[in-house]
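Everything below belongs to coords25.tsv, which stores TSV, C-alpha atoms (C1' of nucleotides) and all ligand atoms.
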chain	number	residue	atom	x	y	z
Q	491	MET	CA	-10.00	46.54	-10.77
Q	492	PRO	CA	-7.10	44.05	-10.64
Q	493	HIS	CA	-3.95	44.69	-12.54
Q	494	PRO	CA	-3.95	42.45	-15.62
Q	495	ASP	CA	-0.30	41.47	-15.13
Q	496	ALA	CA	-0.53	37.69	-14.74
Q	497	THR	CA	3.00	37.25	-13.43
Q	498	HIS	CA	1.88	38.19	-9.94
Q	499	GLY	CA	-0.71	36.77	-7.64
Q	500	ASP	CA	-2.23	33.34	-7.24
Q	501	CYS	CA	-1.34	31.82	-10.56
Q	502	ALA	CA	-3.31	28.60	-11.10
Q	503	ASN	CA	-5.35	29.29	-7.98
Q	504	THR	CA	-2.78	28.05	-5.50
Q	505	THR	CA	-5.26	28.56	-2.69
Q	506	THR	CA	-7.44	25.86	-4.17
Q	507	LEU	CA	-4.45	23.57	-4.45
Q	508	TYR	CA	-2.79	24.24	-1.11
Q	509	GLY	CA	-5.56	25.54	1.11
Q	510	ARG	CA	-4.19	27.73	3.91
Q	511	ALA	CA	-0.63	26.47	3.54
Q	512	ARG	CA	2.16	28.79	2.44
Q	513	VAL	CA	3.03	29.01	-1.22
Q	514	SER	CA	6.75	29.00	-1.81
Q	515	ALA	CA	8.37	29.45	-5.20
Q	516	GLN	CA	8.71	25.67	-5.36
Q	517	ARG	CA	5.04	25.12	-4.61
Q	518	ALA	CA	4.09	27.69	-7.21
Q	519	ALA	CA	6.14	25.74	-9.75
Q	520	ILE	CA	4.46	22.53	-8.69
Q	521	ALA	CA	1.05	24.20	-8.97
Q	522	GLU	CA	1.74	24.98	-12.61
Q	523	VAL	CA	2.71	21.41	-13.43
Q	524	VAL	CA	0.03	19.47	-11.54
Q	525	PRO	CA	-2.83	20.56	-13.82
Q	526	LEU	CA	-0.79	19.46	-16.79
Q	527	MET	CA	-0.31	15.93	-15.51
Q	528	ARG	CA	-2.32	13.57	-17.68
Q	529	GLY	CA	-4.06	10.98	-15.59
Q	530	ALA	CA	-2.60	9.18	-12.62
Q	531	PHE	CA	0.97	9.84	-11.59
Q	532	THR	CA	3.42	8.94	-8.88
Q	533	ALA	CA	5.44	11.28	-6.67
Q	534	GLU	CA	8.46	10.50	-8.77
Q	535	ASP	CA	6.54	11.26	-11.98
Q	536	LEU	CA	5.62	14.66	-10.58
Q	537	HIS	CA	9.16	15.25	-9.38
Q	538	ARG	CA	10.51	14.56	-12.83
Q	539	ALA	CA	7.94	16.82	-14.47
Q	540	VAL	CA	8.53	19.72	-12.09
Q	541	ALA	CA	12.30	19.32	-12.20
Q	542	ALA	CA	12.19	19.84	-15.97
Q	543	HIS	CA	11.26	23.47	-15.31
Q	544	THR	CA	12.72	23.83	-11.82
Q	545	PRO	CA	15.98	21.91	-11.66
Q	546	GLY	CA	17.22	20.97	-8.22
Q	547	ILE	CA	13.83	20.84	-6.57
Q	548	GLY	CA	13.93	18.20	-3.85
Q	549	LEU	CA	11.89	15.05	-3.82
Q	550	ALA	CA	10.93	15.73	-0.20
Q	551	THR	CA	9.45	19.03	-1.33
Q	552	ILE	CA	7.29	17.15	-3.80
Q	553	TYR	CA	6.09	14.81	-1.10
Q	554	ARG	CA	5.31	17.75	1.20
Q	555	ALA	CA	3.41	19.55	-1.54
Q	556	ILE	CA	1.48	16.39	-2.31
Q	557	ALA	CA	0.48	16.11	1.34
Q	558	ALA	CA	-0.70	19.72	1.34
Q	559	MET	CA	-2.69	19.24	-1.85
Q	560	GLN	CA	-4.30	16.09	-0.52
Q	561	GLU	CA	-5.14	17.98	2.65
Q	562	ALA	CA	-6.76	20.66	0.52
Q	563	GLY	CA	-8.67	18.04	-1.47
Q	564	ALA	CA	-7.04	19.01	-4.76
Q	565	LEU	CA	-5.21	15.73	-5.14
Q	566	ALA	CA	-6.76	12.29	-4.81
Q	567	SER	CA	-5.17	8.96	-4.08
Q	568	VAL	CA	-6.14	6.51	-6.84
Q	569	GLY	CA	-4.52	3.25	-5.81
Q	570	GLU	CA	-0.98	2.22	-6.49
Q	571	ARG	CA	1.27	0.84	-9.20
Q	572	ASP	CA	4.42	-1.19	-8.59
Q	573	GLY	CA	4.49	-0.23	-4.95
Q	574	SER	CA	4.17	3.50	-5.57
Q	575	ALA	CA	1.08	5.49	-4.62
Q	576	LEU	CA	-0.87	6.81	-7.59
Q	577	LEU	CA	-2.27	10.33	-7.48
Q	578	ALA	CA	-4.62	12.33	-9.64
Q	579	ALA	CA	-5.45	16.00	-9.81
Q	580	CYS	CA	-9.08	16.48	-8.86
Q	581	ALA	CA	-11.04	19.68	-9.38
Q	582	ARG	CA	-14.38	18.40	-8.15
Q	583	ASN	CA	-15.30	19.17	-4.59
Q	584	ASP	CA	-18.26	16.85	-4.24
Q	585	HIS	CA	-18.06	13.31	-2.99
Q	586	HIS	CA	-17.05	10.97	-5.78
Q	587	HIS	CA	-14.53	8.32	-6.76
Q	588	HIS	CA	-12.17	7.59	-9.61
Q	589	LEU	CA	-11.86	5.23	-12.49
Q	590	VAL	CA	-8.31	4.69	-13.69
Q	591	CYS	CA	-7.35	3.33	-17.09
Q	592	THR	CA	-4.80	0.59	-16.50
Q	593	GLY	CA	-3.46	1.18	-19.97
Q	594	CYS	CA	-2.68	4.88	-20.00
Q	595	GLY	CA	-3.55	6.14	-16.53
Q	596	ARG	CA	-6.43	8.32	-17.66
Q	597	VAL	CA	-8.73	9.17	-14.76
Q	598	VAL	CA	-12.41	10.01	-14.76
Q	599	GLY	CA	-14.69	10.79	-11.84
Q	600	ILE	CA	-17.48	8.42	-10.87
Q	601	GLU	CA	-20.50	8.94	-8.67
Q	602	CYS	CA	-20.29	7.12	-5.36
Q	603	PRO	CA	-22.03	3.76	-5.79
Q	604	ILE	CA	-22.74	3.30	-2.09
Q	605	ASP	CA	-26.47	3.58	-1.62
Q	606	GLU	CA	-28.95	3.19	1.19
Q	607	ALA	CA	-29.19	-0.54	0.57
Q	608	THR	CA	-25.48	-0.96	1.28
Q	609	LEU	CA	-25.60	1.20	4.38
Q	610	ASN	CA	-28.65	-0.68	5.61
Q	611	ALA	CA	-26.93	-4.00	5.03
Q	612	ALA	CA	-24.00	-2.78	7.09
Q	613	GLU	CA	-26.35	-1.60	9.80
Q	614	ARG	CA	-28.01	-5.00	9.82
Q	615	GLU	CA	-24.60	-6.44	10.63
Q	616	GLY	CA	-24.32	-3.97	13.48
Q	617	HIS	CA	-21.81	-1.73	11.76
Q	618	LEU	CA	-21.98	1.99	11.20
Q	619	VAL	CA	-20.13	2.98	8.05
Q	620	THR	CA	-17.92	6.00	8.63
Q	621	SER	CA	-15.77	6.05	5.50
Q	622	HIS	CA	-14.90	4.03	2.46
Q	623	GLN	CA	-12.29	3.69	-0.21
Q	624	ILE	CA	-13.25	2.92	-3.78
Q	625	VAL	CA	-11.18	2.82	-6.94
Q	626	LEU	CA	-12.33	1.38	-10.24
Q	627	TYR	CA	-9.94	0.12	-12.89
Q	628	GLY	CA	-10.62	-0.33	-16.54
Q	629	LEU	CA	-9.65	0.59	-20.05
Q	630	CYS	CA	-10.45	3.81	-21.82
Q	631	SER	CA	-11.78	3.67	-25.36
Q	632	ARG	CA	-8.43	4.56	-26.86
Q	633	CYS	CA	-6.59	1.82	-24.99
Q	634	ARG	CA	-9.28	-0.69	-25.91
Q	635	GLN	CA	-8.86	0.13	-29.57
Q	636	ARG	CA	-5.10	-0.11	-29.33
Q	637	GLU	CA	-5.28	-3.53	-27.69
Q	638	GLY	CA	-7.93	-4.68	-30.12
Q	639	ALA	CA	-9.97	-6.24	-27.34
A	735	MET	CA	-15.46	-44.93	5.71
A	736	PRO	CA	-12.74	-42.50	6.81
A	737	HIS	CA	-10.80	-43.17	9.95
A	738	PRO	CA	-12.06	-40.82	12.67
A	739	ASP	CA	-8.55	-39.95	13.79
A	740	ALA	CA	-8.39	-36.20	13.24
A	741	THR	CA	-4.64	-35.91	13.63
A	742	HIS	CA	-4.09	-36.98	10.04
A	743	GLY	CA	-5.29	-35.62	6.76
A	744	ASP	CA	-6.24	-32.14	5.64
A	745	CYS	CA	-6.92	-30.51	8.95
A	746	ALA	CA	-8.80	-27.27	8.47
A	747	ASN	CA	-9.22	-28.03	4.74
A	748	THR	CA	-5.80	-26.83	3.68
A	749	THR	CA	-6.74	-27.30	0.06
A	750	THR	CA	-9.28	-24.52	0.41
A	751	LEU	CA	-6.67	-22.30	2.01
A	752	TYR	CA	-3.72	-23.03	-0.25
A	753	GLY	CA	-5.26	-24.27	-3.48
A	754	ARG	CA	-2.86	-26.51	-5.38
A	755	ALA	CA	0.19	-25.34	-3.48
A	756	ARG	CA	2.13	-27.72	-1.24
A	757	VAL	CA	1.26	-27.98	2.41
A	758	SER	CA	4.35	-28.07	4.58
A	759	ALA	CA	4.27	-28.53	8.34
A	760	GLN	CA	4.61	-24.78	8.68
A	761	ARG	CA	1.68	-24.11	6.36
A	762	ALA	CA	-0.40	-26.64	8.25
A	763	ALA	CA	0.35	-24.75	11.45
A	764	ILE	CA	-0.58	-21.48	9.77
A	765	ALA	CA	-3.79	-23.06	8.50
A	766	GLU	CA	-4.81	-23.84	12.07
A	767	VAL	CA	-4.20	-20.30	13.24
A	768	VAL	CA	-5.71	-18.30	10.38
A	769	PRO	CA	-9.32	-19.29	11.13
A	770	LEU	CA	-8.78	-18.22	14.73
A	771	MET	CA	-7.68	-14.73	13.79
A	772	ARG	CA	-10.39	-12.33	14.84
A	773	GLY	CA	-10.93	-9.66	12.25
A	774	ALA	CA	-8.23	-7.93	10.25
A	775	PHE	CA	-4.60	-8.67	10.91
A	776	THR	CA	-1.17	-7.88	9.56
A	777	ALA	CA	1.54	-10.27	8.47
A	778	GLU	CA	3.34	-9.59	11.71
A	779	ASP	CA	0.17	-10.27	13.73
A	780	LEU	CA	-0.12	-13.63	12.04
A	781	HIS	CA	3.56	-14.35	12.53
A	782	ARG	CA	3.25	-13.67	16.24
A	783	ALA	CA	0.15	-15.86	16.54
A	784	VAL	CA	1.66	-18.78	14.64
A	785	ALA	CA	5.00	-18.49	16.43
A	786	ALA	CA	3.21	-18.99	19.74
A	787	HIS	CA	2.58	-22.60	18.71
A	788	THR	CA	5.41	-23.02	16.24
A	789	PRO	CA	8.47	-21.17	17.55
A	790	GLY	CA	11.12	-20.30	15.04
A	791	ILE	CA	8.82	-20.07	12.05
A	792	GLY	CA	10.19	-17.46	9.69
A	793	LEU	CA	8.48	-14.24	8.75
A	794	ALA	CA	9.21	-14.92	5.08
A	795	THR	CA	7.29	-18.17	5.41
A	796	ILE	CA	4.31	-16.22	6.69
A	797	TYR	CA	4.50	-13.87	3.72
A	798	ARG	CA	4.74	-16.78	1.32
A	799	ALA	CA	1.77	-18.53	2.90
A	800	ILE	CA	-0.22	-15.30	2.77
A	801	ALA	CA	0.53	-15.02	-0.94
A	802	ALA	CA	-0.64	-18.59	-1.48
A	803	MET	CA	-3.83	-18.02	0.50
A	804	GLN	CA	-4.58	-14.84	-1.40
A	805	GLU	CA	-3.99	-16.73	-4.62
A	806	ALA	CA	-6.48	-19.36	-3.46
A	807	GLY	CA	-8.97	-16.65	-2.50
A	808	ALA	CA	-9.01	-17.65	1.17
A	809	LEU	CA	-7.45	-14.43	2.33
A	810	ALA	CA	-8.58	-10.95	1.38
A	811	SER	CA	-6.74	-7.66	1.46
A	812	VAL	CA	-8.77	-5.19	3.51
A	813	GLY	CA	-6.79	-1.98	3.36
A	814	GLU	CA	-3.88	-1.02	5.54
A	815	ARG	CA	-3.03	0.30	8.96
A	816	ASP	CA	0.13	2.22	9.82
A	817	GLY	CA	1.78	1.25	6.58
A	818	SER	CA	1.12	-2.46	6.97
A	819	ALA	CA	-1.28	-4.37	4.75
A	820	LEU	CA	-4.39	-5.62	6.53
A	821	LEU	CA	-5.69	-9.10	5.77
A	822	ALA	CA	-8.81	-11.03	6.66
A	823	ALA	CA	-9.73	-14.67	6.39
A	824	CYS	CA	-12.58	-15.04	3.93
A	825	ALA	CA	-14.66	-18.18	3.50
A	826	ARG	CA	-17.06	-16.80	0.92
A	827	ASN	CA	-16.32	-17.56	-2.67
A	828	ASP	CA	-18.78	-15.17	-4.26
A	829	HIS	CA	-17.94	-11.64	-5.27
A	830	HIS	CA	-18.21	-9.31	-2.29
A	831	HIS	CA	-16.31	-6.73	-0.28
A	832	HIS	CA	-15.41	-6.06	3.32
A	833	LEU	CA	-16.35	-3.68	6.08
A	834	VAL	CA	-13.67	-3.27	8.72
A	835	CYS	CA	-14.28	-1.91	12.19
A	836	THR	CA	-11.65	0.75	12.82
A	837	GLY	CA	-12.02	0.12	16.53
A	838	CYS	CA	-11.42	-3.61	16.86
A	839	GLY	CA	-10.73	-4.86	13.34
A	840	ARG	CA	-13.88	-6.94	13.07
A	841	VAL	CA	-14.68	-7.72	9.44
A	842	VAL	CA	-18.00	-8.46	7.79
A	843	GLY	CA	-18.76	-9.16	4.16
A	844	ILE	CA	-20.77	-6.73	2.09
A	845	GLU	CA	-22.50	-7.16	-1.22
A	846	CYS	CA	-20.81	-5.35	-4.09
A	847	PRO	CA	-22.45	-1.93	-4.45
A	848	ILE	CA	-21.44	-1.48	-8.06
A	849	ASP	CA	-24.58	-1.63	-10.15
A	850	GLU	CA	-25.53	-1.20	-13.74
A	851	ALA	CA	-25.89	2.54	-13.29
A	852	THR	CA	-22.24	2.83	-12.28
A	853	LEU	CA	-21.04	0.65	-15.12
A	854	ASN	CA	-23.18	2.61	-17.57
A	855	ALA	CA	-21.79	5.88	-16.27
A	856	ALA	CA	-18.28	4.54	-16.82
A	857	GLU	CA	-19.21	3.42	-20.29
A	858	ARG	CA	-20.61	6.85	-21.03
A	859	GLU	CA	-17.13	8.19	-20.24
A	860	GLY	CA	-15.71	5.69	-22.69
A	861	HIS	CA	-14.30	3.39	-20.05
A	862	LEU	CA	-14.82	-0.33	-19.64
A	863	VAL	CA	-14.58	-1.34	-15.99
A	864	THR	CA	-12.44	-4.43	-15.56
A	865	SER	CA	-11.92	-4.52	-11.80
A	866	HIS	CA	-12.41	-2.51	-8.68
A	867	GLN	CA	-11.24	-2.21	-5.12
A	868	ILE	CA	-13.66	-1.39	-2.35
A	869	VAL	CA	-13.20	-1.34	1.41
A	870	LEU	CA	-15.66	0.16	3.87
A	871	TYR	CA	-14.64	1.36	7.30
A	872	GLY	CA	-16.85	1.87	10.30
A	873	LEU	CA	-17.58	0.91	13.86
A	874	CYS	CA	-19.18	-2.29	15.06
A	875	SER	CA	-21.94	-2.08	17.65
A	876	ARG	CA	-19.62	-3.09	20.48
A	877	CYS	CA	-17.05	-0.41	19.63
A	878	ARG	CA	-19.81	2.20	19.31
A	879	GLN	CA	-21.08	1.35	22.77
A	880	ARG	CA	-17.59	1.45	24.22
A	881	GLU	CA	-16.92	4.87	22.70
A	882	GLY	CA	-20.35	6.07	23.76
A	883	ALA	CA	-20.85	7.72	20.37
P	693	DT	C1'	7.87	-48.02	-1.24
P	694	DC	C1'	11.52	-45.28	-3.25
P	695	DG	C1'	13.64	-41.56	-5.63
P	696	DC	C1'	13.63	-37.25	-7.46
P	697	DG	C1'	12.82	-32.61	-8.56
P	698	DA	C1'	10.30	-28.72	-7.81
P	699	DA	C1'	8.54	-26.18	-4.04
P	700	DG	C1'	9.09	-24.48	0.64
P	701	DT	C1'	12.03	-22.89	4.57
P	702	DG	C1'	14.89	-19.69	7.49
P	703	DA	C1'	18.35	-16.25	8.19
P	704	DG	C1'	19.70	-12.39	6.73
P	705	DA	C1'	20.61	-9.14	3.05
P	706	DA	C1'	18.51	-6.20	-0.15
P	707	DT	C1'	14.97	-3.17	-1.97
P	708	DA	C1'	12.63	1.04	-2.28
P	709	DG	C1'	8.88	4.23	-1.29
P	710	DT	C1'	8.27	7.43	2.04
P	711	DT	C1'	9.39	10.03	6.11
P	712	DC	C1'	12.51	12.31	9.07
P	713	DT	C1'	16.49	15.35	10.58
P	714	DC	C1'	18.80	19.51	10.57
P	715	DA	C1'	20.71	23.70	9.24
P	716	DC	C1'	19.19	27.22	6.48
P	717	DT	C1'	15.83	30.17	3.90
P	718	DT	C1'	11.60	32.54	3.28
P	719	DA	C1'	6.59	33.64	3.11
P	720	DG	C1'	3.50	36.49	4.92
P	721	DG	C1'	1.00	38.46	8.91
P	722	DA	C1'	1.61	42.15	12.43
J	511	DT	C1'	10.23	46.25	8.18
J	512	DC	C1'	10.45	42.27	11.64
J	513	DC	C1'	9.66	38.05	13.32
J	514	DT	C1'	8.70	33.44	13.33
J	515	DA	C1'	6.50	29.50	11.95
J	516	DA	C1'	6.55	27.06	7.76
J	517	DG	C1'	9.11	25.34	3.84
J	518	DT	C1'	13.45	23.61	1.61
J	519	DG	C1'	17.28	20.34	0.19
J	520	DA	C1'	20.51	16.76	1.06
J	521	DG	C1'	20.95	12.81	2.85
J	522	DA	C1'	20.08	9.61	6.59
J	523	DA	C1'	16.67	6.74	8.47
J	524	DC	C1'	12.76	3.87	8.51
J	525	DT	C1'	10.42	-0.33	7.58
J	526	DA	C1'	7.22	-3.39	5.18
J	527	DT	C1'	8.07	-6.56	1.87
J	528	DT	C1'	10.85	-9.24	-1.28
J	529	DC	C1'	14.87	-11.65	-2.54
J	530	DT	C1'	19.00	-14.80	-2.13
J	531	DC	C1'	20.91	-19.04	-1.07
J	532	DA	C1'	21.90	-23.26	0.97
J	533	DC	C1'	19.23	-26.70	2.79
J	534	DT	C1'	15.03	-29.50	3.56
J	535	DT	C1'	10.87	-31.78	2.25
J	536	DC	C1'	6.41	-32.53	0.02
J	537	DG	C1'	4.20	-35.31	-3.10
J	538	DC	C1'	3.98	-37.45	-7.60
J	539	DG	C1'	5.31	-41.18	-10.58
J	540	DA	C1'	7.70	-45.41	-11.40
L	901	MN	MN	-12.04	13.57	-9.01
L	902	MN	MN	-15.20	-12.06	2.83
L	903	ZN	ZN	-6.31	4.36	-21.45
L	904	ZN	ZN	-15.33	-2.97	16.63

Starting from the file, lay out its structure as structure tokens.
Ligand SMILES: [Mn+2]
Ligand SMILES: [Mn+2]
Ligand SMILES: [Zn+2]
Ligand SMILES: [Zn+2]
Amino acid sequence: MPHPDATHGDCANTTTLYGRARVSAQRAAIAEVVPLMRGAFTAEDLHRAVAAHTPGIGLATIYRAIAAMQEAGALASVGERDGSALLAACARNDHHHHLVCTGCGRVVGIECPIDEATLNAAEREGHLVTSHQIVLYGLCSRCRQREGA
Amino acid sequence: MPHPDATHGDCANTTTLYGRARVSAQRAAIAEVVPLMRGAFTAEDLHRAVAAHTPGIGLATIYRAIAAMQEAGALASVGERDGSALLAACARNDHHHHLVCTGCGRVVGIECPIDEATLNAAEREGHLVTSHQIVLYGLCSRCRQREGA
DNA sequence: TCGCGAAGTGAGAATAGTTCTCACTTAGGA
DNA sequence: TCCTAAGTGAGAACTATTCTCACTTCGCGA
């Protein structure tokens, strides 16, 4: 029976976030903030958010944690904005893609649209598809209302 | 009846490549090289290829011509490699996407796989899809043979 | 054909997101 | 508890791309 004291142990399932990588105090702090990030964010966004609770944390540490989380599949790359890579926390572990609201950054998962027909078309061209990169952009209902479109 | 002399006029239909933008001697030279580029290439690749026939042409000129050709829809962005944007000449003017061979850079066009089901799924989440970015990666038949996979 | 003004050019500086270096600390398995 | 590979922070470095600026030129209109 585990001790109910929540101040110890894998708060916010750091194993899911970081895989087999070590969990430093900094990464634990990052692990608490990442699930709170609403929608897509940049490395600098995350740095700012984490630094609010953990002053002095280095930007390089953020980048290294991001790399570890991407490695572990807990963080997805969802395009870019103004030259900065956009990221999104992702709890799903099946194959899917992301739809990003260009108004507010909200992110939802989308089933992979690549079907047999597409793969067959590629094969007809002589190509064997090994990977793909898909990001959809749009407007969430709230942003559509706000813009009155 | 047009004069058959091919050394004058819009060689390699520069209007298609550059749209309404001006066609300088440098852009004319670029227009001759772009259709010869095999598969995906970077700005530096193009610069090197053009400079072989037009020494001294500036890299900034290449970037500006690329921007104009993308604007005109004659050049497509097909992902990146080692931090550099990958481009591909594209003659089609219908909506489609690209499949890039990770071995040799060969590029083929692919029909858009996004169907009603995907759009409906997005709508069910409250989102209206306004655009999307899709690139497929794979191996062409020649590269598969070479790698013996 | 001529003139003019906006667009393009080239060299190099600037920008900026990301990665790297290095001395130091620390997580976590043995 | 020890040991060491992994992580950290500050700042330098990297580098693809964009910008600046003085100069040239394309191409339209008179
Ligand atoms: Mn997801
Ligand atoms: Mn194409
Ligand atoms: Zn929104
Ligand atoms: Zn190939």

- Query: Which chains and residue numbers are within 8 Å of ligand ZN 903 (chain L), counting all atoms listed in the file, if I want them as a ChimeraX atom specification?
  - Reply: /Q:591-596,629-634

- Task: Residues within 10 Å of ligand MN 901 (chain L), counting only C-alpha atoms (C1' of nucleotides) and all ligand atoms: report them as number ranges by chain.
- Result: Q: 563-568, 578-589, 597-601

- What lies within 10 Å of segment 713-719 of chain P using all atoms listed in the file, ignoring chain neighbours under 3 positions off, as a PyMOL selection string? (chain Q and resi 512-515) or (chain J and resi 515-519+521-523)

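Any residue of chain Q with an atom within 12 Å of chain P counts; using only C-alpha atoms (C1' of nucleotides), that gives Q:Arg510, Q:Ala511, Q:Arg512, Q:Val513, Q:Ser514, Q:Ala515, Q:Gln516, Q:Arg517, Q:Thr532, Q:Ala533, Q:Glu534, Q:Leu549, Q:Ala550, Q:Thr551, Q:Ile552, Q:Tyr553, Q:Arg554, Q:Ala557, Q:Glu570, Q:Arg571, Q:Asp572, Q:Gly573, Q:Ser574, Q:Ala575, Q:Leu576.
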
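Nearest to chain A of all the residues J:DC512, J:DA526, J:DA520, J:DC531 is J:DA526, counting only C-alpha atoms (C1' of nucleotides).
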
Do you know which residues are at most 12 Å from Leu853 of chain A counting all atoms listed in the file, after dropping those on the same chain fewer than 2 positions away, and could you put them as a compact mmCIF listing (two decimals) with C-alpha atoms, in the frame of the given file?
# COMPACT_ATOMS: atom_id res chain seq x y z
CA LEU Q 589 -11.86 5.23 -12.49
CA ILE Q 600 -17.48 8.42 -10.87
CA GLU Q 601 -20.50 8.94 -8.67
CA CYS Q 602 -20.29 7.12 -5.36
CA PRO Q 603 -22.03 3.76 -5.79
CA LEU Q 626 -12.33 1.38 -10.24
CA TYR Q 627 -9.94 0.12 -12.89
CA GLY Q 628 -10.62 -0.33 -16.54
CA PRO A 847 -22.45 -1.93 -4.45
CA ILE A 848 -21.44 -1.48 -8.06
CA ASP A 849 -24.58 -1.63 -10.15
CA GLU A 850 -25.53 -1.20 -13.74
CA ALA A 851 -25.89 2.54 -13.29
CA ALA A 855 -21.79 5.88 -16.27
CA ALA A 856 -18.28 4.54 -16.82
CA GLU A 857 -19.21 3.42 -20.29
CA ARG A 858 -20.61 6.85 -21.03
CA GLU A 859 -17.13 8.19 -20.24
CA GLY A 860 -15.71 5.69 -22.69
CA HIS A 861 -14.30 3.39 -20.05
CA LEU A 862 -14.82 -0.33 -19.64
CA VAL A 863 -14.58 -1.34 -15.99
CA THR A 864 -12.44 -4.43 -15.56
CA SER A 865 -11.92 -4.52 -11.80
CA HIS A 866 -12.41 -2.51 -8.68

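In this structure, atom CA of Ala763 of chain A sits 17.0 Å away from atom CA of Gln804 of chain A.
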
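Minimum atom-to-atom distances from J:DT535, J:DT528, J:DT511, J:DA540 to chain Q were compared using all atoms listed in the file, and the lowest value belongs to J:DT528.
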
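Distance annotation: of J:DC513, J:DC529, J:DC536, J:DC524, the residue with the minimal separation from chain A is J:DC536; atom set is all atoms listed in the file.
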